[in-house]
>>> print(open('target_30.cif').read())   # mmCIF, C-alpha atoms and all ligand atoms
data_coords
loop_
_atom_site.label_atom_id
_atom_site.label_comp_id
_atom_site.auth_asym_id
_atom_site.auth_seq_id
_atom_site.Cartn_x
_atom_site.Cartn_y
_atom_site.Cartn_z
CA MET A 1 -20.25 36.53 31.89
CA LYS A 2 -21.35 37.48 35.38
CA ASN A 3 -19.06 36.07 38.09
CA LEU A 4 -16.46 35.11 35.50
CA ARG A 5 -13.12 35.99 37.04
CA LYS A 6 -10.82 37.58 34.46
CA VAL A 7 -7.78 35.43 33.72
CA GLU A 8 -5.04 36.94 31.58
CA ILE A 9 -2.79 33.96 30.94
CA GLY A 10 -3.83 30.78 29.16
CA ILE A 11 -2.01 27.50 28.66
CA ILE A 12 -3.01 25.15 25.86
CA GLY A 13 -1.52 21.71 25.97
CA GLY A 14 -2.00 18.04 26.41
CA THR A 15 -3.75 16.44 29.33
CA GLY A 16 -1.95 16.64 32.66
CA PHE A 17 -0.91 20.27 32.87
CA GLU A 18 -3.95 21.10 35.00
CA ASN A 19 -1.90 19.65 37.89
CA LEU A 20 0.27 22.77 37.73
CA LEU A 21 -2.61 24.89 38.99
CA GLU A 22 -3.23 25.62 42.64
CA ASN A 23 -6.85 25.73 43.84
CA ALA A 24 -8.06 24.64 40.41
CA ARG A 25 -11.69 25.01 39.40
CA GLN A 26 -13.29 23.73 36.25
CA LEU A 27 -15.82 25.31 33.91
CA ARG A 28 -16.99 25.16 30.32
CA LEU A 29 -17.99 28.19 28.26
CA GLY A 30 -20.40 28.55 25.41
CA THR A 31 -19.00 30.28 22.31
CA PRO A 32 -20.45 31.08 18.87
CA TYR A 33 -18.46 28.03 17.67
CA GLY A 34 -19.68 25.52 20.23
CA ILE A 35 -19.01 24.66 23.85
CA SER A 36 -15.41 24.75 25.02
CA PRO A 37 -13.69 21.74 26.54
CA PRO A 38 -13.20 21.97 30.31
CA LEU A 39 -11.25 25.09 31.31
CA HIS A 40 -9.23 24.71 34.48
CA THR A 41 -8.61 27.96 36.31
CA GLY A 42 -6.23 28.43 39.21
CA LYS A 43 -2.94 30.00 40.20
CA ILE A 44 0.60 29.42 39.02
CA ARG A 45 3.30 31.30 40.97
CA GLY A 46 0.65 33.71 42.23
CA LYS A 47 -0.81 34.51 38.80
CA ASN A 48 -4.29 33.60 37.61
CA VAL A 49 -4.03 31.08 34.79
CA VAL A 50 -6.49 29.05 32.76
CA PHE A 51 -5.49 25.70 31.28
CA LEU A 52 -7.23 24.19 28.28
CA SER A 53 -6.54 20.65 27.15
CA ARG A 54 -6.71 20.62 23.33
CA HIS A 55 -7.63 17.00 23.03
CA GLY A 56 -10.35 17.27 25.65
CA PRO A 57 -10.75 15.07 28.71
CA ASN A 58 -9.07 11.65 28.35
CA HIS A 59 -7.39 12.70 25.10
CA SER A 60 -10.59 11.94 23.17
CA VAL A 61 -10.47 14.55 20.37
CA PRO A 62 -8.16 13.86 17.39
CA PRO A 63 -6.10 16.79 16.00
CA HIS A 64 -8.26 17.30 12.89
CA LYS A 65 -11.46 17.40 14.99
CA ILE A 66 -10.30 19.90 17.60
CA ASN A 67 -12.61 22.91 17.69
CA TYR A 68 -9.77 25.44 17.53
CA ARG A 69 -12.12 28.40 17.21
CA ALA A 70 -14.18 27.46 20.28
CA ASN A 71 -10.96 26.91 22.26
CA ILE A 72 -9.40 30.27 21.42
CA TYR A 73 -12.70 32.13 21.67
CA ALA A 74 -13.39 30.67 25.13
CA LEU A 75 -9.99 31.85 26.35
CA HIS A 76 -10.66 35.27 24.82
CA LYS A 77 -13.99 35.41 26.61
CA MET A 78 -12.23 34.74 29.90
CA GLY A 79 -9.99 37.76 29.31
CA VAL A 80 -6.88 35.86 28.25
CA ALA A 81 -4.36 38.17 26.59
CA ARG A 82 -1.45 35.73 26.41
CA ILE A 83 -1.37 32.06 25.48
CA LEU A 84 1.54 29.73 26.14
CA ALA A 85 1.05 26.57 24.14
CA THR A 86 2.87 23.30 24.06
CA ASN A 87 2.99 20.73 21.26
CA ALA A 88 4.63 17.37 20.67
CA VAL A 89 6.56 17.37 17.39
CA GLY A 90 8.54 15.01 15.19
CA ALA A 91 12.01 16.13 14.07
CA ILE A 92 12.47 16.71 10.35
CA ASN A 93 15.82 18.42 10.82
CA ARG A 94 18.29 15.64 11.62
CA ASN A 95 20.15 17.85 14.13
CA PHE A 96 17.07 17.87 16.37
CA LYS A 97 16.71 14.86 18.68
CA PRO A 98 13.97 13.31 20.83
CA GLY A 99 13.74 15.17 24.13
CA ASP A 100 14.90 18.50 22.64
CA ILE A 101 12.94 21.61 23.40
CA VAL A 102 12.00 23.87 20.50
CA VAL A 103 10.53 27.38 20.45
CA PRO A 104 9.38 27.85 16.83
CA HIS A 105 9.58 31.26 15.19
CA ASP A 106 7.64 30.48 12.02
CA PHE A 107 5.28 27.89 10.54
CA VAL A 108 4.09 26.34 7.30
CA ASP A 109 0.45 25.28 7.37
CA PHE A 110 -0.32 22.03 5.53
CA THR A 111 -3.72 21.44 7.12
CA LYS A 112 -6.69 20.93 4.81
CA LEU A 113 -9.99 20.68 6.66
CA ARG A 114 -9.91 23.19 9.50
CA SER A 115 -11.77 26.42 10.10
CA VAL A 116 -8.90 28.85 9.92
CA THR A 117 -10.42 32.24 10.74
CA PHE A 118 -12.91 34.10 12.91
CA TYR A 119 -13.50 36.50 10.00
CA ASP A 120 -15.29 34.61 7.26
CA GLY A 121 -18.20 37.06 7.12
CA ASP A 122 -18.26 40.46 5.46
CA LEU A 123 -15.73 42.03 7.84
CA VAL A 124 -12.84 41.11 5.55
CA THR A 125 -9.73 40.88 7.71
CA HIS A 126 -6.19 40.06 6.59
CA ILE A 127 -4.09 39.53 9.67
CA ASP A 128 -0.32 40.09 9.44
CA VAL A 129 1.72 37.02 10.36
CA SER A 130 5.15 38.33 9.42
CA GLN A 131 6.03 37.43 13.01
CA PRO A 132 3.56 34.59 13.70
CA TYR A 133 4.58 33.99 17.31
CA CYS A 134 4.66 36.64 20.03
CA PRO A 135 8.27 37.87 20.16
CA GLU A 136 8.05 38.80 23.83
CA ILE A 137 6.82 35.40 25.03
CA ARG A 138 9.20 33.55 22.70
CA LYS A 139 12.17 35.43 24.15
CA LEU A 140 11.09 34.65 27.71
CA LEU A 141 10.49 30.96 26.92
CA VAL A 142 13.99 30.66 25.43
CA GLU A 143 15.65 32.57 28.28
CA THR A 144 13.81 30.50 30.87
CA ALA A 145 14.70 27.18 29.21
CA LYS A 146 18.37 28.21 29.07
CA ARG A 147 18.37 29.42 32.67
CA LEU A 148 17.01 26.04 33.72
CA GLY A 149 19.90 24.40 31.87
CA PHE A 150 17.83 22.75 29.14
CA ASP A 151 18.98 22.43 25.53
CA VAL A 152 16.64 24.56 23.46
CA TRP A 153 16.34 25.33 19.76
CA GLU A 154 15.50 29.01 19.82
CA LYS A 155 14.48 29.21 16.16
CA ALA A 156 12.66 26.59 14.14
CA VAL A 157 10.06 26.32 11.40
CA ILE A 158 7.19 24.06 12.37
CA THR A 159 4.86 22.56 9.83
CA CYS A 160 1.39 21.42 10.72
CA THR A 161 -0.18 18.43 8.97
CA GLU A 162 -3.84 17.48 8.98
CA GLY A 163 -3.39 14.08 10.60
CA PRO A 164 -4.52 12.00 12.27
CA ARG A 165 -2.09 9.76 10.39
CA TYR A 166 1.62 10.41 10.58
CA GLU A 167 3.42 11.61 7.46
CA THR A 168 4.94 9.54 4.69
CA PRO A 169 8.74 9.58 4.20
CA ALA A 170 8.22 11.49 0.91
CA GLU A 171 6.19 14.17 2.69
CA ILE A 172 8.91 14.55 5.31
CA LYS A 173 11.56 14.84 2.58
CA MET A 174 9.45 17.56 0.94
CA PHE A 175 9.00 19.45 4.22
CA ARG A 176 12.78 19.30 4.81
CA ARG A 177 13.41 20.76 1.33
CA LEU A 178 10.94 23.54 2.16
CA GLY A 179 12.95 24.46 5.24
CA CYS A 180 10.77 22.92 7.96
CA ASP A 181 12.52 21.66 11.09
CA VAL A 182 9.71 19.97 13.01
CA VAL A 183 6.24 18.62 12.32
CA GLY A 184 3.11 18.38 14.44
CA MET A 185 -0.65 18.21 13.97
CA THR A 186 -1.94 20.91 16.30
CA SER A 187 -0.02 24.15 15.77
CA ALA A 188 -2.33 25.47 13.03
CA PRO A 189 -4.60 27.36 13.00
CA GLU A 190 -4.24 27.95 16.75
CA ALA A 191 -1.54 30.63 16.49
CA VAL A 192 -3.44 32.53 13.78
CA LEU A 193 -6.77 32.44 15.59
CA ALA A 194 -5.10 33.89 18.68
CA ARG A 195 -3.57 36.69 16.59
CA GLU A 196 -6.98 37.41 15.04
CA LEU A 197 -8.24 38.19 18.54
CA GLU A 198 -5.08 40.16 19.40
CA ILE A 199 -3.97 37.53 21.89
CA CYS A 200 -0.22 36.92 22.26
CA TYR A 201 0.68 33.33 21.43
CA ALA A 202 3.90 31.33 21.53
CA SER A 203 4.64 27.65 21.82
CA VAL A 204 7.24 25.57 23.56
CA CYS A 205 7.46 22.28 21.68
CA TYR A 206 9.26 19.06 22.52
CA VAL A 207 10.60 16.50 20.08
CA SER A 208 8.96 13.14 20.75
CA ASN A 209 10.38 11.25 17.76
CA MET A 210 12.35 11.56 14.55
CA ALA A 211 9.92 12.08 11.66
CA ALA A 212 8.83 9.34 9.24
CA GLY A 213 11.60 7.97 7.07
CA ILE A 214 14.30 8.99 9.57
CA GLN A 215 13.31 6.37 12.10
CA LYS A 216 11.92 3.04 10.93
CA ARG A 217 8.33 3.41 12.10
CA LEU A 218 6.21 5.62 14.35
CA THR A 219 3.88 4.53 17.09
CA ALA A 220 1.42 6.67 19.01
CA LEU A 221 2.52 4.95 22.21
CA GLU A 222 6.13 5.96 21.64
CA VAL A 223 5.11 9.58 21.10
CA SER A 224 3.01 9.54 24.26
CA LYS A 225 5.78 7.91 26.36
CA ALA A 226 8.38 10.40 25.11
CA SER A 227 5.97 13.23 25.92
CA GLU A 228 5.56 12.05 29.51
CA SER A 229 9.31 12.06 30.04
CA VAL A 230 9.71 15.72 28.91
CA PHE A 231 6.58 16.99 30.70
CA PRO A 232 8.45 17.93 33.90
CA LYS A 233 10.81 20.15 31.87
CA ILE A 234 7.94 21.77 29.97
CA GLU A 235 6.06 22.35 33.22
CA GLN A 236 9.08 24.06 34.74
CA ILE A 237 9.56 26.26 31.68
CA LEU A 238 5.88 27.23 31.64
CA SER A 239 5.72 28.02 35.36
CA GLU A 240 8.89 30.12 35.36
CA THR A 241 7.97 31.93 32.17
CA ILE A 242 4.57 32.80 33.62
CA GLU A 243 6.27 34.10 36.74
CA THR A 244 8.55 36.39 34.72
CA LEU A 245 5.95 37.72 32.26
CA PRO A 246 5.78 41.49 32.68
CA SER A 247 2.32 42.81 33.53
CA GLU A 248 2.20 45.05 30.44
CA ARG A 249 2.48 43.62 26.94
CA ASN A 250 5.43 45.02 24.96
CA CYS A 251 4.80 43.44 21.56
CA PRO A 252 2.75 44.17 18.43
CA CYS A 253 0.18 41.39 19.07
CA ALA A 254 -2.25 43.65 20.96
CA ASN A 255 -2.71 45.82 17.84
CA ALA A 256 -3.00 43.05 15.27
CA LEU A 257 -6.36 44.26 13.95
CA LYS A 258 -5.14 47.75 13.22
CA ARG A 259 -4.43 47.94 9.49
CA ALA A 260 -5.85 44.42 8.92
CA ARG A 261 -9.03 45.83 7.36
CA LEU A 262 -9.80 48.04 4.39
CA GLU A 263 -11.78 50.57 6.41
N1 LIG A 301 4.27 13.93 12.98
C1 LIG A 301 3.15 14.63 13.26
N2 LIG A 301 2.80 14.95 14.48
C2 LIG A 301 3.58 14.54 15.49
C3 LIG A 301 4.75 13.80 15.27
C4 LIG A 301 5.11 13.48 13.94
O1 LIG A 301 6.13 12.83 13.67
N3 LIG A 301 5.30 13.57 16.49
C5 LIG A 301 4.49 14.16 17.40
N4 LIG A 301 3.45 14.76 16.81
#
>>> encode(input="target_30.cif", output="structure tokens", more="lines below")
Ligand code: HPA
Amino acid sequence: MKNLRKVEIGIIGGTGFENLLENARQLRLGTPYGISPPLHTGKIRGKNVVFLSRHGPNHSVPPHKINYRANIYALHKMGVARILATNAVGAINRNFKPGDIVVPHDFVDFTKLRSVTFYDGDLVTHIDVSQPYCPEIRKLLVETAKRLGFDVWEKAVITCTEGPRYETPAEIKMFRRLGCDVVGMTSAPEAVLARELEICYASVCYVSNMAAGIQKRLTALEVSKASESVFPKIEQILSETIETLPSERNCPCANALKRARLE
């Protein structure tokens, strides 16, 4: 950890966002869960930021194979106290349209194969997720998006599927009945792992497609093309939100471990 400059703000997203950083440097960190993907450190609007690309270099790691624990732990090790994430999502709610920006307030986790906790030893820990996303960062993301003149859904329930396949129409119908608005493959367990380490976490999502059964068929290329066209908006929202983040945290995330254990 010698010579490791402390960086308080992390961005997790798809490939490309490292271009937002000035004077970027790259490193990888060892964690108890494996080696992290490349971490790009640099400045955004004068603040030290680290960017981590979930899918690794060249988008080579599928959603169900992402080492979520190594990713979050590496950011923690760098001193990150706040994570701003971004995810591509399909719209389940018919009022949401491709290109829309969404700041989810809650999630339903339908993943099956992922390591979902840092606490699977004898330090039994039940983290509270009554407010799964950091309320302070969520508020700033929404305010920033509005100030920039973008249409933004300020509340939404996101569901996370295991992937890597897209969903069936019947699954999407079920998710809609359960109250889910959007679907992606990477939101869980990222938010929970961050909370387990008392890191603030919120996500600004963008709708890349209507979910299965609403549009005729889904292609990965379509999702990737739609993502590229909203990237400039997401980049602007992230940069301006980072600029306006107050230096002190005014949210419950920093004390998430208090009262999470029976000791
Ligand atoms: N389903 C799951 N993940 C996604 C989708 C989708 O429709 N669009 C973008 N990521």
>>> residues_near_ligand(input="target_30.cif", ligand="ligand LIG 301 (chain A)", cutoff="9 Å", atoms="only C-alpha atoms and all ligand atoms", output="MDAnalysis selection string")
chainID A and resid 87:92 159:167 172 182:186 206:212 218 220 223:224 227
>>> closest_atom_pairs(input="target_30.cif", of="segment 67-99 of chain A", to="segment 33-53 of chain A", cutoff="12 Å", atoms="only C-alpha atoms", output="CSV")
residue,atom,partner,partner_atom,distance
A:Asn67,CA,A:Tyr33,CA,7.8
A:Tyr68,CA,A:Tyr33,CA,9.1
A:Arg69,CA,A:Tyr33,CA,6.4
A:Ala70,CA,A:Tyr33,CA,5.0
A:Asn71,CA,A:Ser36,CA,5.7
A:Ile72,CA,A:Ser36,CA,8.9
A:Tyr73,CA,A:Tyr33,CA,8.1
A:Ala74,CA,A:Ser36,CA,6.3
A:Leu75,CA,A:Val50,CA,7.8
A:His76,CA,A:Val50,CA,10.9
A:Lys77,CA,A:Ser36,CA,10.9
A:Met78,CA,A:Val50,CA,8.6
A:Gly79,CA,A:Val50,CA,10.0
A:Val80,CA,A:Val50,CA,8.2
A:Ala81,CA,A:Val49,CA,10.8
A:Arg82,CA,A:Val49,CA,9.9
A:Ile83,CA,A:Val50,CA,9.4
A:Leu84,CA,A:Phe51,CA,9.6
A:Ala85,CA,A:Leu52,CA,9.6
A:Thr86,CA,A:Ser53,CA,10.3
A:Asn87,CA,A:Ser53,CA,11.2
>>> residues_around(input="target_30.cif", residues="segment 133-146 of chain A", least_positions_apart="2", cutoff="10 Å", atoms="only C-alpha atoms", output="MDAnalysis selection string")
chainID A and resid 82:84 101:107 129:131 148:155 191:192 194:195 199:204 233:234 236:242 244:246 249:254
>>> atom_distance(input="target_30.cif", atom1="atom CA of Ser247 of chain A", atom2="atom CA of Gly10 of chain A")
14.2 Å
>>> atom_distance(input="target_30.cif", atom1="atom CA of Pro32 of chain A", atom2="atom CA of Ile127 of chain A")
20.6 Å
>>> atom_distance(input="target_30.cif", atom1="atom CA of Phe118 of chain A", atom2="atom CA of Ala260 of chain A")
13.1 Å
>>> closest_residue(input="target_30.cif", among="A:Gly99, A:Lys112, A:Gly179, A:Pro63", to="Val230 of chain A", atoms="all atoms listed in the file")
A:Gly99
>>> closest_residue(input="target_30.cif", among="A:Gly16, A:Gly30, A:Pro169, A:Gly213", to="Gly56 of chain A", atoms="all atoms listed in the file")
A:Gly16
>>> closest_residue(input="target_30.cif", among="A:Gly14, A:Glu263, A:Ala24, A:Asn19", to="Pro57 of chain A", atoms="only C-alpha atoms")
A:Gly14
>>> closest_residue(input="target_30.cif", among="A:Pro189, A:Pro232, A:Gly13, A:Pro62", to="Thr117 of chain A", atoms="all atoms listed in the file")
A:Pro189
>>> decode(input="target_30.cif", residues="segment 41-63 of chain A", atoms="N, CA, C and O atoms", output="PDB file, in the first residue's frame")
ATOM      1  N   THR A  41      -6.477   5.876 -12.605  1.00  0.00           N
ATOM      2  CA  THR A  41      -6.614   6.989 -11.663  1.00  0.00           C
ATOM      3  C   THR A  41      -6.246   8.291 -12.364  1.00  0.00           C
ATOM      4  O   THR A  41      -5.391   8.311 -13.245  1.00  0.00           O
ATOM      5  N   GLY A  42      -6.929   9.355 -11.975  1.00  0.00           N
ATOM      6  CA  GLY A  42      -6.647  10.653 -12.572  1.00  0.00           C
ATOM      7  C   GLY A  42      -7.592  11.686 -11.984  1.00  0.00           C
ATOM      8  O   GLY A  42      -8.236  11.424 -10.954  1.00  0.00           O
ATOM      9  N   LYS A  43      -7.710  12.823 -12.633  1.00  0.00           N
ATOM     10  CA  LYS A  43      -8.553  13.884 -12.071  1.00  0.00           C
ATOM     11  C   LYS A  43      -9.770  14.136 -12.950  1.00  0.00           C
ATOM     12  O   LYS A  43      -9.690  14.073 -14.173  1.00  0.00           O
ATOM     13  N   ILE A  44     -10.879  14.413 -12.282  1.00  0.00           N
ATOM     14  CA  ILE A  44     -12.065  14.919 -12.968  1.00  0.00           C
ATOM     15  C   ILE A  44     -12.481  16.179 -12.225  1.00  0.00           C
ATOM     16  O   ILE A  44     -12.724  16.140 -11.007  1.00  0.00           O
ATOM     17  N   ARG A  45     -12.556  17.292 -12.949  1.00  0.00           N
ATOM     18  CA  ARG A  45     -12.897  18.591 -12.346  1.00  0.00           C
ATOM     19  C   ARG A  45     -12.120  18.834 -11.045  1.00  0.00           C
ATOM     20  O   ARG A  45     -12.677  19.184 -10.002  1.00  0.00           O
ATOM     21  N   GLY A  46     -10.838  18.516 -11.083  1.00  0.00           N
ATOM     22  CA  GLY A  46      -9.965  18.813  -9.942  1.00  0.00           C
ATOM     23  C   GLY A  46      -9.998  17.781  -8.832  1.00  0.00           C
ATOM     24  O   GLY A  46      -9.241  17.886  -7.863  1.00  0.00           O
ATOM     25  N   LYS A  47     -10.874  16.758  -8.956  1.00  0.00           N
ATOM     26  CA  LYS A  47     -10.943  15.754  -7.876  1.00  0.00           C
ATOM     27  C   LYS A  47     -10.288  14.453  -8.318  1.00  0.00           C
ATOM     28  O   LYS A  47     -10.401  14.058  -9.482  1.00  0.00           O
ATOM     29  N   ASN A  48      -9.629  13.792  -7.367  1.00  0.00           N
ATOM     30  CA  ASN A  48      -8.993  12.508  -7.660  1.00  0.00           C
ATOM     31  C   ASN A  48     -10.060  11.429  -7.814  1.00  0.00           C
ATOM     32  O   ASN A  48     -10.895  11.250  -6.923  1.00  0.00           O
ATOM     33  N   VAL A  49     -10.008  10.736  -8.921  1.00  0.00           N
ATOM     34  CA  VAL A  49     -11.034   9.727  -9.217  1.00  0.00           C
ATOM     35  C   VAL A  49     -10.339   8.469  -9.739  1.00  0.00           C
ATOM     36  O   VAL A  49      -9.293   8.551 -10.383  1.00  0.00           O
ATOM     37  N   VAL A  50     -10.944   7.319  -9.420  1.00  0.00           N
ATOM     38  CA  VAL A  50     -10.452   6.070 -10.006  1.00  0.00           C
ATOM     39  C   VAL A  50     -11.591   5.456 -10.820  1.00  0.00           C
ATOM     40  O   VAL A  50     -12.741   5.419 -10.369  1.00  0.00           O
ATOM     41  N   PHE A  51     -11.268   5.021 -12.019  1.00  0.00           N
ATOM     42  CA  PHE A  51     -12.263   4.391 -12.887  1.00  0.00           C
ATOM     43  C   PHE A  51     -11.952   2.902 -13.040  1.00  0.00           C
ATOM     44  O   PHE A  51     -10.812   2.530 -13.290  1.00  0.00           O
ATOM     45  N   LEU A  52     -12.973   2.094 -12.877  1.00  0.00           N
ATOM     46  CA  LEU A  52     -12.825   0.647 -13.042  1.00  0.00           C
ATOM     47  C   LEU A  52     -13.820   0.168 -14.101  1.00  0.00           C
ATOM     48  O   LEU A  52     -15.023   0.445 -13.994  1.00  0.00           O
ATOM     49  N   SER A  53     -13.315  -0.511 -15.095  1.00  0.00           N
ATOM     50  CA  SER A  53     -14.188  -1.032 -16.142  1.00  0.00           C
ATOM     51  C   SER A  53     -14.613  -2.449 -15.760  1.00  0.00           C
ATOM     52  O   SER A  53     -13.801  -3.359 -15.704  1.00  0.00           O
ATOM     53  N   ARG A  54     -15.902  -2.601 -15.462  1.00  0.00           N
ATOM     54  CA  ARG A  54     -16.433  -3.893 -14.990  1.00  0.00           C
ATOM     55  C   ARG A  54     -16.101  -5.079 -15.875  1.00  0.00           C
ATOM     56  O   ARG A  54     -15.847  -6.178 -15.420  1.00  0.00           O
ATOM     57  N   HIS A  55     -16.211  -4.852 -17.156  1.00  0.00           N
ATOM     58  CA  HIS A  55     -16.020  -5.965 -18.086  1.00  0.00           C
ATOM     59  C   HIS A  55     -14.568  -6.142 -18.495  1.00  0.00           C
ATOM     60  O   HIS A  55     -14.279  -6.890 -19.429  1.00  0.00           O
ATOM     61  N   GLY A  56     -13.670  -5.427 -17.804  1.00  0.00           N
ATOM     62  CA  GLY A  56     -12.246  -5.583 -18.071  1.00  0.00           C
ATOM     63  C   GLY A  56     -11.855  -4.935 -19.398  1.00  0.00           C
ATOM     64  O   GLY A  56     -12.713  -4.392 -20.101  1.00  0.00           O
ATOM     65  N   PRO A  57     -10.548  -5.017 -19.702  1.00  0.00           N
ATOM     66  CA  PRO A  57     -10.103  -4.408 -20.957  1.00  0.00           C
ATOM     67  C   PRO A  57     -10.762  -5.115 -22.146  1.00  0.00           C
ATOM     68  O   PRO A  57     -10.988  -6.324 -22.102  1.00  0.00           O
ATOM     69  N   ASN A  58     -11.127  -4.364 -23.146  1.00  0.00           N
ATOM     70  CA  ASN A  58     -11.755  -4.903 -24.378  1.00  0.00           C
ATOM     71  C   ASN A  58     -13.074  -5.635 -24.137  1.00  0.00           C
ATOM     72  O   ASN A  58     -13.437  -6.536 -24.890  1.00  0.00           O
ATOM     73  N   HIS A  59     -13.741  -5.279 -23.065  1.00  0.00           N
ATOM     74  CA  HIS A  59     -15.055  -5.881 -22.767  1.00  0.00           C
ATOM     75  C   HIS A  59     -14.981  -7.415 -22.848  1.00  0.00           C
ATOM     76  O   HIS A  59     -15.775  -8.064 -23.528  1.00  0.00           O
ATOM     77  N   SER A  60     -14.023  -7.995 -22.103  1.00  0.00           N
ATOM     78  CA  SER A  60     -13.786  -9.430 -22.251  1.00  0.00           C
ATOM     79  C   SER A  60     -14.383 -10.281 -21.127  1.00  0.00           C
ATOM     80  O   SER A  60     -14.276 -11.508 -21.164  1.00  0.00           O
ATOM     81  N   VAL A  61     -14.989  -9.659 -20.115  1.00  0.00           N
ATOM     82  CA  VAL A  61     -15.539 -10.448 -18.994  1.00  0.00           C
ATOM     83  C   VAL A  61     -17.071 -10.362 -19.017  1.00  0.00           C
ATOM     84  O   VAL A  61     -17.642  -9.278 -18.889  1.00  0.00           O
ATOM     85  N   PRO A  62     -17.764 -11.519 -19.184  1.00  0.00           N
ATOM     86  CA  PRO A  62     -19.226 -11.469 -19.209  1.00  0.00           C
ATOM     87  C   PRO A  62     -19.791 -11.160 -17.818  1.00  0.00           C
ATOM     88  O   PRO A  62     -19.111 -11.400 -16.807  1.00  0.00           O
ATOM     89  N   PRO A  63     -21.030 -10.673 -17.763  1.00  0.00           N
ATOM     90  CA  PRO A  63     -21.604 -10.207 -16.479  1.00  0.00           C
ATOM     91  C   PRO A  63     -21.553 -11.237 -15.351  1.00  0.00           C
ATOM     92  O   PRO A  63     -21.293 -10.893 -14.203  1.00  0.00           O
TER      93      PRO A  63
END
